[in-house]
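Colleague: So that you have it, the file is query_24.txt, and it contains compact mmCIF, C-alpha atoms:
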```txt
# COMPACT_ATOMS: atom_id res chain seq x y z
CA MET A 1450 67.43 -10.16 36.59
CA SER A 1451 68.35 -12.16 33.61
CA GLY A 1452 67.03 -11.70 30.10
CA ASP A 1453 64.80 -14.74 30.50
CA ASP A 1454 62.86 -13.23 33.41
CA LYS A 1455 61.60 -10.23 31.47
CA PRO A 1456 57.87 -10.21 30.76
CA LYS A 1457 57.08 -10.83 27.15
CA ARG A 1458 56.12 -7.83 25.18
CA ILE A 1459 52.47 -7.74 24.09
CA ARG A 1460 52.32 -7.65 20.35
CA ILE A 1461 49.92 -5.15 18.83
CA LYS A 1462 48.11 -6.67 15.92
CA SER A 1463 46.69 -4.55 13.16
CA PRO A 1464 42.96 -5.08 12.81
CA VAL A 1465 41.89 -6.88 9.69
CA ILE A 1466 39.77 -4.56 7.61
CA GLU A 1467 37.56 -6.29 5.12
CA THR A 1468 36.50 -4.28 2.15
CA PHE A 1469 33.79 -5.48 -0.13
CA ILE A 1470 33.99 -4.37 -3.69
CA VAL A 1471 30.75 -4.56 -5.60
CA ASP A 1472 31.38 -5.67 -9.12
CA PRO A 1473 28.71 -4.12 -11.37
CA LEU A 1474 29.46 -6.70 -14.06
CA LYS A 1475 29.02 -9.69 -11.78
CA TYR A 1476 26.10 -12.01 -12.32
CA GLY A 1477 23.99 -12.98 -9.33
CA VAL A 1478 20.63 -14.22 -8.13
CA ASN A 1479 17.36 -12.40 -8.78
CA ALA A 1480 13.69 -13.42 -8.62
CA SER A 1481 13.82 -15.08 -12.06
CA THR A 1482 17.19 -16.78 -12.32
CA GLN A 1483 20.40 -17.72 -10.51
CA ASN A 1484 22.53 -15.96 -13.11
CA ALA A 1485 21.48 -12.37 -13.87
CA ARG A 1486 22.98 -8.90 -13.80
CA GLN A 1487 21.03 -5.75 -12.89
CA ASP A 1488 21.21 -3.00 -15.46
CA CYS A 1489 19.10 -0.21 -13.94
CA THR A 1490 16.04 0.69 -11.89
CA ILE A 1491 13.13 2.41 -13.62
CA ASN A 1492 10.79 4.64 -11.61
CA ILE A 1493 7.31 4.43 -13.11
CA LYS A 1494 4.98 7.36 -12.58
CA TYR A 1495 1.22 7.21 -12.65
CA ASP A 1496 -1.39 9.88 -11.97
CA VAL A 1497 -4.62 9.47 -10.04
CA GLU A 1498 -7.29 12.13 -10.37
CA ILE A 1499 -9.34 12.58 -7.19
CA TRP A 1500 -13.04 13.39 -7.62
CA TYR A 1501 -15.77 13.96 -5.03
CA ASP A 1502 -19.35 12.91 -5.56
CA GLU A 1503 -21.83 15.67 -4.70
CA HIS A 1504 -23.05 13.52 -1.80
CA VAL A 1505 -19.58 13.61 -0.21
CA SER A 1506 -19.08 17.32 -0.86
CA ILE A 1507 -22.37 18.52 0.57
CA ARG A 1508 -23.49 16.00 3.18
CA GLN A 1509 -20.42 14.47 4.75
CA LEU A 1510 -17.75 17.11 4.41
CA GLU A 1511 -19.91 20.04 5.48
CA ARG A 1512 -22.16 18.31 8.00
CA ASP A 1513 -19.77 15.81 9.55
CA GLY A 1514 -16.70 18.05 9.40
CA ILE A 1515 -14.45 15.59 7.57
CA GLU A 1516 -11.49 17.43 6.06
CA ILE A 1517 -10.73 16.88 2.37
CA ASP A 1518 -7.02 16.60 3.19
CA VAL A 1519 -7.76 13.61 5.45
CA LEU A 1520 -9.55 11.85 2.58
CA LYS A 1521 -6.72 12.61 0.14
CA LYS A 1522 -4.11 11.39 2.62
CA LEU A 1523 -5.88 8.06 3.10
CA ALA A 1524 -6.37 7.65 -0.66
CA SER A 1525 -2.71 8.42 -1.28
CA LYS A 1526 -1.56 5.87 1.31
CA SER A 1527 -3.88 3.22 -0.11
CA PHE A 1528 -2.90 3.32 -3.81
CA LYS A 1529 0.07 0.97 -3.58
CA HIS A 1530 -2.04 -1.48 -1.55
CA ILE A 1531 -4.97 -1.31 -3.99
CA PHE A 1532 -2.72 -1.90 -7.00
CA TYR A 1533 -0.94 -4.75 -5.21
CA TYR A 1534 -4.20 -6.52 -4.36
CA GLN A 1535 -5.58 -5.98 -7.87
CA LEU A 1536 -2.46 -7.44 -9.51
CA ARG A 1537 -1.80 -10.21 -6.98
CA TYR A 1538 -5.35 -11.56 -6.76
CA PRO A 1539 -6.94 -11.67 -10.25
CA LEU A 1540 -10.45 -12.34 -8.91
CA VAL A 1541 -10.39 -9.17 -6.78
CA LYS A 1542 -12.30 -6.35 -8.49
CA LEU A 1543 -11.11 -2.96 -7.26
CA LEU A 1544 -10.11 -1.36 -10.56
CA GLN A 1545 -12.55 -1.06 -13.44
CA TYR A 1546 -11.86 -0.68 -17.12
CA PRO A 1547 -13.93 1.26 -19.70
CA GLU A 1548 -15.19 -1.85 -21.51
CA ARG A 1549 -16.83 -3.21 -18.35
CA LYS A 1550 -20.62 -3.03 -18.46
CA GLY A 1551 -22.98 -3.17 -15.53
CA ARG A 1552 -22.77 -1.82 -12.02
CA ASN A 1553 -19.50 -0.16 -11.04
CA TYR A 1554 -17.19 -1.82 -8.52
CA ARG A 1555 -17.18 0.06 -5.24
CA PHE A 1556 -14.90 -0.66 -2.33
CA VAL A 1557 -14.44 0.85 1.11
CA LEU A 1558 -11.20 2.37 2.37
CA LYS A 1559 -10.88 2.26 6.15
CA GLU A 1560 -8.44 3.81 8.59
CA GLN A 1561 -8.59 4.12 12.35
CA CYS A 1562 -8.69 7.72 13.61
CA GLU A 1563 -6.86 8.95 16.70
CA ASP A 1564 -10.06 8.75 18.78
CA GLY A 1565 -10.56 5.07 17.86
CA ALA A 1566 -13.41 5.60 15.39
CA LEU A 1567 -13.04 4.42 11.79
CA LEU A 1568 -12.85 6.71 8.77
CA ASN A 1569 -14.74 4.96 5.95
CA ILE A 1570 -14.62 6.09 2.32
CA THR A 1571 -16.64 4.35 -0.37
CA CYS A 1572 -14.68 4.68 -3.62
CA GLU A 1573 -14.63 3.80 -7.28
CA LEU A 1574 -11.31 3.50 -9.12
CA HIS A 1575 -11.32 3.70 -12.93
CA PHE A 1576 -8.58 3.11 -15.49
CA LEU A 1577 -8.56 6.04 -17.95
CA ASP A 1578 -5.31 5.57 -19.85
CA ALA A 1579 -1.87 4.04 -19.35
CA GLY A 1580 -0.60 5.71 -16.18
CA LEU A 1581 -3.83 7.65 -15.56
CA TYR A 1582 -6.55 6.63 -13.11
CA GLU A 1583 -9.58 8.31 -11.61
CA MET A 1584 -10.70 7.78 -8.01
CA THR A 1585 -14.12 9.07 -6.98
CA PHE A 1586 -15.19 9.35 -3.36
CA ILE A 1587 -18.87 8.39 -3.12
CA THR A 1588 -19.40 8.44 0.65
CA ALA A 1589 -17.21 9.38 3.62
CA MET A 1590 -18.13 8.85 7.26
CA ILE A 1591 -16.41 8.51 10.60
CA THR A 1592 -18.23 5.68 12.35
CA ASN A 1593 -17.60 2.15 13.57
CA SER A 1594 -20.96 0.95 12.20
CA PHE A 1595 -20.48 1.76 8.50
CA LYS A 1596 -22.79 -0.19 6.16
CA ILE A 1597 -20.93 -2.60 3.89
CA PHE A 1598 -22.85 -4.32 1.11
CA ASP A 1599 -22.62 -7.99 0.22
CA GLY A 1600 -19.81 -8.60 -2.27
CA GLN A 1601 -18.06 -5.33 -1.42
CA TYR A 1602 -14.31 -5.24 -0.75
CA ILE A 1603 -12.73 -3.46 2.22
CA VAL A 1604 -9.16 -2.14 2.19
CA LYS A 1605 -8.12 -1.23 5.74
CA VAL A 1606 -4.89 0.75 5.88
CA ASP A 1607 -2.77 0.91 9.03
CA GLY A 1608 0.45 2.82 8.41
CA GLU A 1609 2.47 0.80 5.89
CA SER A 1610 0.38 -2.35 6.32
CA SER A 1611 -3.11 -3.16 5.09
CA THR A 1612 -5.74 -5.88 4.92
CA LEU A 1613 -8.11 -6.81 2.13
CA SER A 1614 -11.47 -8.27 3.15
CA LYS A 1615 -14.79 -8.96 1.46
CA LEU A 1616 -18.31 -9.16 2.83
CA GLU A 1617 -19.86 -12.45 1.73
CA ASN A 1618 -23.25 -13.61 2.99
CA GLY A 1619 -23.11 -11.25 5.95
CA THR A 1620 -19.62 -12.32 7.05
CA ILE A 1621 -16.43 -10.32 6.52
CA LYS A 1622 -13.75 -12.67 5.19
CA LEU A 1623 -10.07 -11.80 5.20
CA ILE A 1624 -8.54 -12.28 1.75
CA ALA A 1625 -5.00 -10.98 2.20
CA GLU A 1626 -2.77 -8.65 4.13
CA VAL A 1627 0.37 -6.65 3.49
CA LYS A 1628 2.74 -6.12 6.41
```
Using structure tokens, write down the structure from this file.

Modeller:
Amino acid sequence: MSGDDKPKRIRIKSPVIETFIVDPLKYGVNASTQNARQDCTINIKYDVEIWYDEHVSIRQLERDGIEIDVLKKLASKSFKHIFYYQLRYPLVKLLQYPERKGRNYRFVLKEQCEDGALLNITCELHFLDAGLYEMTFITAMITNSFKIFDGQYIVKVDGESSTLSKLENGTIKLIAEVK
């Protein structure tokens, strides 16, 4: 066997390892401009006081067996959705300020229970001070035939998503949704 008949040796190639170095001083794209640099992230804290109207405390919670923790859990899940809708859609009236006169804005929080029925909570949300809000539960019922009044908003929460609707002239109209 001559040297030309030998099989060629398979060359082992080193894998190319790409490393990405993030340059904290580099300018890049953000929502406002093509040329910006991030400095920091600020975590803003706000407090929401939860209150129960006497009607909720006596009639619904005791008679219907709705647990307070269930109401608090739904309220807690809904805050980011409520604030999003209030800020994103200026004509939506979910949050009320002290200088507002007249009838208070009431909206309904909805969430589907494990048995398929809907938990409905009629709420009022008031601004008290910068970073401090007050949410009052007016009515709470588990039923699929909950009475919604004309002009009233409905925030239906489903996990991390939600929908905002409004009853107008007897018809529920979808305004927006967060997925």

Colleague: With only C-alpha atoms as the atoms that count, which of A:Val1465, A:Ala1485, A:Ile1603, A:Val1478 lies nearest to Val1541 of chain A?

Modeller: A:Ile1603

Colleague: Please indicate the distance in Å from atom CA of Leu1543 of chain A to atom CA of Cys1562 of chain A, rounded to one decimal place.

Modeller: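 Computed distance, atom CA of Leu1543 of chain A to atom CA of Cys1562 of chain A, equals 23.6 Å.
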
Colleague: Mind checking which residues fall within 9 Å of Glu1583 of chain A, counting only C-alpha atoms, ignoring those fewer than 3 positions away in the same chain, and posting them as a list in words?

Modeller: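 Skipping anything fewer than 3 positions along the chain leaves Asp1496, Val1497, Glu1498, Ile1499, Trp1500, Glu1573, Leu1574, His1575, Phe1576 and Leu1577 of chain A.
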
Colleague: Looking at A:Tyr1495, A:Ser1527, A:Lys1542, A:Asn1618, which one is nearest to Ala1579 of chain A, with distances taken over all atoms listed in the file?

Modeller: A:Tyr1495

Colleague: Could you work out how far atom CA of Ile1531 of chain A lies from atom CA of Val1604 of chain A, giving the answer in Å with one decimal?

Modeller: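 Taking atom CA of Val1604 of chain A as the start and atom CA of Ile1531 of chain A as the end point, the length is 7.5 Å.
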
Colleague: In Å to one decimal, how far is atom CA of Ile1597 of chain A from atom CA of Glu1563 of chain A?

Modeller: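 Calculated distance between atom CA of Glu1563 of chain A and atom CA of Ile1597 of chain A is 22.3 Å.
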
Colleague: Between A:Leu1567, A:Ala1625, A:Ile1491, A:Val1606, which residue has the minimum interatomic distance to Ser1525 of chain A, considering all atoms listed in the file?

Modeller: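 Using all atoms listed in the file, the shortest distance to Ser1525 of chain A belongs to A:Val1606.
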